[in-house]
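These notes are about the structure you will find just below.
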Amino acid sequence: MIDVELESVSKRFAKSGDAAAVDDVNLTIGAGEFFTLLGPSGCGKTTTLRMVAGFYFPSAGNIRFGGQDVTRLAPNKRDTGMVFQNYALFPHMTVAQNVAYGLKVRKVSRADAARRVAEALAEVHLDGYGPRRIDQLSGGQQQRVALARALVIRPRMLLLDEPLSNLDAKLREETRTEIRRIQRESGTTSIYVTHDQAEAMAMSDRIAVMQSGRVQQVGTPREVYHQPANAFVARFIGRSNVLSLPVAAAEATRVDVVLPSGGQVSAGAPEGHGLREGDTALVSARPEYVTLVSATDADALRGQVTAVEFTGMTTHLTLDVATRDVATRDVATRDVDTGGEKTQMTVAAVDTPERIGVGDRVG
Ligand code: ATP
């Protein structure tokens, strides 16, 4: 069941000249879905969310909630709960007063409000914190109060704008798990804005990857990771090697490309890719599909190890290959030395990938 629909939505700000902050965005979000708008700073995520909230009206296009047009409806008529990066709590009020705020505005009786505030605080694991002052709480606790305040009004939709940005790395991870648990339990349709791809991947049912006001791809975390629609998505989500390689043969959903070594590999390609023999294709090779092979293997790309990053579970290698493209590889247990500036560089060989999408055509 579709809960939110954005149809050809654009936003131009008077001051920013011709460039649209949001440019012809089409999205459908299902009831109960956790949907993320992901992209680099300035790509239009916040502007899109603000149009859904009603803080901005689109310059063109329509927004519907449950099939009903809300394009020009005032924010307080839309029944959405918002959670912001800076919490936006009232510092002079207690936790309970903050959470009760939306209920008071809605003229919910005192007794009902007290019960619902207690329930909402329990939901975010802050039972008993009601009488505390906001400045007596940690950042993570404050963000959970903000979440309780948004949820207590039982909104039809939860809108979250970079809610974890002010938290340190460990707390971010804990809080994202919490947010997702609470969202699952309440079943509230949620739209989440972040520039952090790991966060988006970990939390979302589906992700819209945005760049320059436009949606580049919509898909599940697995889809955007394994079948990036273009080079931007391939580079933005996770690590990726994007290589320009000549096409030797093309089929509906696969193409064979020629490696610099002369060997050929087959790569998955999106339907309607339009590539033909002789074209150059951008091939995205995830580090985990680049396998290290013997340096004597004739088909392999030869490269020099220029960086080794040990992360615990895997080691990330960066290799400088003949084409000047840098390939990377995660290995579980291998000990490899970086050449560094002073010592002899370790020569390795990489076998390019069996799979992963082909993106844009080049030239
Ligand atoms: P960030 O992660 O940095 O918040 P974002 O992806 O959320 O970025 P937006 O805040 O939506 O991006 O901004 C998109 C574009 O619109 C930017 O170029 C920005 O400068 C511009 N913009 C946003 N708000 C306004 C405004 N009120 N007036 C003029 N231009 C704006």
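For the structure tokens, the naming scheme is as follows: chains receive sequential letters (A, B, ...) according to their order of presentation, residues are indexed from 1 within each chain, and ligands are indexed from 1 in presentation order.
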Closest contacts (chain A/ligand 1, max 7 Å, only C-alpha atoms and all ligand atoms) as a tab-separated table:
residue	atom	partner	partner_atom_place_in_ligand_line	distance
A:Phe13	CA	ligand 1	29 (C)	4.8
A:Ala14	CA	ligand 1	29 (C)	6.7
A:Lys15	CA	ligand 1	29 (C)	5.4
A:Ser16	CA	ligand 1	30 (N)	5.4
A:Ala21	CA	ligand 1	16 (O)	4.0
A:Val22	CA	ligand 1	14 (C)	6.9
A:Gly39	CA	ligand 1	6 (O)	6.2
A:Pro40	CA	ligand 1	6 (O)	6.0
A:Ser41	CA	ligand 1	3 (O)	3.6
A:Gly42	CA	ligand 1	12 (O)	3.4
A:Cys43	CA	ligand 1	6 (O)	3.8
A:Gly44	CA	ligand 1	11 (O)	3.2
A:Lys45	CA	ligand 1	6 (O)	4.0
A:Thr46	CA	ligand 1	7 (O)	3.5
A:Thr47	CA	ligand 1	11 (O)	3.6
A:Thr48	CA	ligand 1	11 (O)	6.4
A:Thr194	CA	ligand 1	2 (O)	6.9
A:His195	CA	ligand 1	2 (O)	6.0
A:Gly213	CA	ligand 1	14 (C)	6.7
Taking 3 positions as the minimum chain separation for residues in the same chain, which residues sit within 12 Å of Arg235 of chain A when counting only C-alpha atoms? Answer as a PDB file with N, CA and C atoms, in the first residue's frame.
ATOM      1  N   GLY A  39      22.517  11.121   0.267  1.00  0.00           N
ATOM      2  CA  GLY A  39      23.328  11.800  -0.745  1.00  0.00           C
ATOM      3  C   GLY A  39      24.256  12.794  -0.088  1.00  0.00           C
ATOM      4  N   PRO A  40      25.187  13.338  -0.869  1.00  0.00           N
ATOM      5  CA  PRO A  40      26.162  14.270  -0.308  1.00  0.00           C
ATOM      6  C   PRO A  40      25.510  15.602   0.063  1.00  0.00           C
ATOM      7  N   GLN A 197      26.292   6.749   4.243  1.00  0.00           N
ATOM      8  CA  GLN A 197      25.810   5.580   3.510  1.00  0.00           C
ATOM      9  C   GLN A 197      25.734   4.333   4.391  1.00  0.00           C
ATOM     10  N   VAL A 209      19.016   7.337  -3.602  1.00  0.00           N
ATOM     11  CA  VAL A 209      20.320   8.013  -3.645  1.00  0.00           C
ATOM     12  C   VAL A 209      20.160   9.267  -4.501  1.00  0.00           C
ATOM     13  N   VAL A 224      21.115  -1.236  -4.288  1.00  0.00           N
ATOM     14  CA  VAL A 224      21.998  -0.107  -4.613  1.00  0.00           C
ATOM     15  C   VAL A 224      23.471  -0.508  -4.455  1.00  0.00           C
ATOM     16  N   TYR A 225      23.720  -1.490  -3.600  1.00  0.00           N
ATOM     17  CA  TYR A 225      25.106  -1.935  -3.424  1.00  0.00           C
ATOM     18  C   TYR A 225      25.551  -2.837  -4.571  1.00  0.00           C
ATOM     19  N   HIS A 226      24.722  -3.821  -4.892  1.00  0.00           N
ATOM     20  CA  HIS A 226      25.147  -4.819  -5.879  1.00  0.00           C
ATOM     21  C   HIS A 226      24.849  -4.417  -7.316  1.00  0.00           C
ATOM     22  N   GLN A 227      23.818  -3.606  -7.511  1.00  0.00           N
ATOM     23  CA  GLN A 227      23.495  -3.177  -8.878  1.00  0.00           C
ATOM     24  C   GLN A 227      23.404  -1.665  -8.959  1.00  0.00           C
ATOM     25  N   PRO A 228      24.515  -0.969  -8.728  1.00  0.00           N
ATOM     26  CA  PRO A 228      24.470   0.488  -8.802  1.00  0.00           C
ATOM     27  C   PRO A 228      24.044   0.925 -10.207  1.00  0.00           C
ATOM     28  N   ALA A 229      23.141   1.913 -10.258  1.00  0.00           N
ATOM     29  CA  ALA A 229      22.587   2.319 -11.554  1.00  0.00           C
ATOM     30  C   ALA A 229      23.598   3.108 -12.370  1.00  0.00           C
ATOM     31  N   ASN A 230      24.529   3.756 -11.711  1.00  0.00           N
ATOM     32  CA  ASN A 230      25.525   4.532 -12.454  1.00  0.00           C
ATOM     33  C   ASN A 230      26.781   4.702 -11.589  1.00  0.00           C
ATOM     34  N   ALA A 231      27.760   5.377 -12.165  1.00  0.00           N
ATOM     35  CA  ALA A 231      29.058   5.491 -11.494  1.00  0.00           C
ATOM     36  C   ALA A 231      28.946   6.274 -10.192  1.00  0.00           C
ATOM     37  N   PHE A 232      28.041   7.271 -10.147  1.00  0.00           N
ATOM     38  CA  PHE A 232      27.888   8.045  -8.921  1.00  0.00           C
ATOM     39  C   PHE A 232      27.458   7.140  -7.765  1.00  0.00           C
ATOM     40  N   GLY A 238      29.483   2.442  -0.389  1.00  0.00           N
ATOM     41  CA  GLY A 238      30.587   1.521  -0.149  1.00  0.00           C
ATOM     42  C   GLY A 238      31.816   1.907  -0.945  1.00  0.00           C
ATOM     43  N   ARG A 239      32.743   0.979  -1.024  1.00  0.00           N
ATOM     44  CA  ARG A 239      33.932   1.239  -1.823  1.00  0.00           C
ATOM     45  C   ARG A 239      33.745   0.611  -3.178  1.00  0.00           C
ATOM     46  N   SER A 240      34.238   1.244  -4.180  1.00  0.00           N
ATOM     47  CA  SER A 240      34.097   0.657  -5.492  1.00  0.00           C
ATOM     48  C   SER A 240      35.241   1.079  -6.380  1.00  0.00           C
ATOM     49  N   ASN A 241      35.642   0.180  -7.256  1.00  0.00           N
ATOM     50  CA  ASN A 241      36.574   0.532  -8.313  1.00  0.00           C
ATOM     51  C   ASN A 241      35.739   0.751  -9.545  1.00  0.00           C
ATOM     52  N   VAL A 242      35.835   1.909 -10.136  1.00  0.00           N
ATOM     53  CA  VAL A 242      35.100   2.132 -11.368  1.00  0.00           C
ATOM     54  C   VAL A 242      36.118   2.194 -12.505  1.00  0.00           C
ATOM     55  N   LEU A 243      36.034   1.208 -13.378  1.00  0.00           N
ATOM     56  CA  LEU A 243      37.008   1.089 -14.468  1.00  0.00           C
ATOM     57  C   LEU A 243      36.319   1.360 -15.802  1.00  0.00           C
ATOM     58  N   LEU A 282      31.510   1.781 -18.119  1.00  0.00           N
ATOM     59  CA  LEU A 282      32.042   1.937 -16.771  1.00  0.00           C
ATOM     60  C   LEU A 282      31.661   0.695 -15.975  1.00  0.00           C
ATOM     61  N   VAL A 283      32.653  -0.001 -15.484  1.00  0.00           N
ATOM     62  CA  VAL A 283      32.403  -1.228 -14.745  1.00  0.00           C
ATOM     63  C   VAL A 283      32.763  -0.999 -13.283  1.00  0.00           C
ATOM     64  N   SER A 284      31.811  -1.295 -12.422  1.00  0.00           N
ATOM     65  CA  SER A 284      32.075  -1.124 -10.994  1.00  0.00           C
ATOM     66  C   SER A 284      32.464  -2.464 -10.393  1.00  0.00           C
ATOM     67  N   ALA A 285      33.625  -2.509  -9.792  1.00  0.00           N
ATOM     68  CA  ALA A 285      34.103  -3.744  -9.179  1.00  0.00           C
ATOM     69  C   ALA A 285      34.265  -3.528  -7.690  1.00  0.00           C
ATOM     70  N   ARG A 286      33.400  -4.153  -6.904  1.00  0.00           N
ATOM     71  CA  ARG A 286      33.518  -4.041  -5.458  1.00  0.00           C
ATOM     72  C   ARG A 286      34.800  -4.734  -4.995  1.00  0.00           C
ATOM     73  N   PRO A 287      35.428  -4.206  -3.970  1.00  0.00           N
ATOM     74  CA  PRO A 287      36.676  -4.803  -3.480  1.00  0.00           C
ATOM     75  C   PRO A 287      36.570  -6.310  -3.236  1.00  0.00           C
ATOM     76  N   GLY A 359      27.772   0.530 -15.396  1.00  0.00           N
ATOM     77  CA  GLY A 359      27.009   1.760 -15.283  1.00  0.00           C
ATOM     78  C   GLY A 359      26.917   2.481 -16.602  1.00  0.00           C
TER      79      GLY A 359
END
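You will find atom CA of Asp23 of chain A at 13.6 Å from atom CA of Leu49 of chain A.
Within 10 Å of Val255 of chain A, once only C-alpha atoms are used and residues closer than 5 positions along the same chain are dropped, the contacting residues are Pro246, Val247, Ala248, Ala249, Ala250, Val265, Ser266, Ala267, Gly268, Ala269, Pro270, His273, Leu275, Arg276, Glu277, Ala281, Val283, Gly357 and Val358 of chain A.
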Would you mind writing down, as a PyMOL selection string, each residue of segment 140-336 of chain A that DSSP on the backbone assigns to strand (DSSP E)? chain A and resi 157-161+189-194+206-211+214-219+241-250+254-258+264-268+280-285+291-293+301-310+315-321+326-331
Could you give me the residues within segment 169-332 of chain A that DSSP places in helix (DSSP H, G or I), as a PyMOL selection string? chain A and resi 169-186+197-203+221-226+231-236+287-289
Shortest interatomic distance to Gln183 of chain A - which of A:Ala198, A:Leu159, A:Leu259, A:Leu164, counting only C-alpha atoms: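 Checking each candidate against Gln183 of chain A, we get A:Leu159 as the closest.
Between atom CA of Thr314 of chain A and atom CA of Gly263 of chain A the interatomic distance comes to 28.0 Å.
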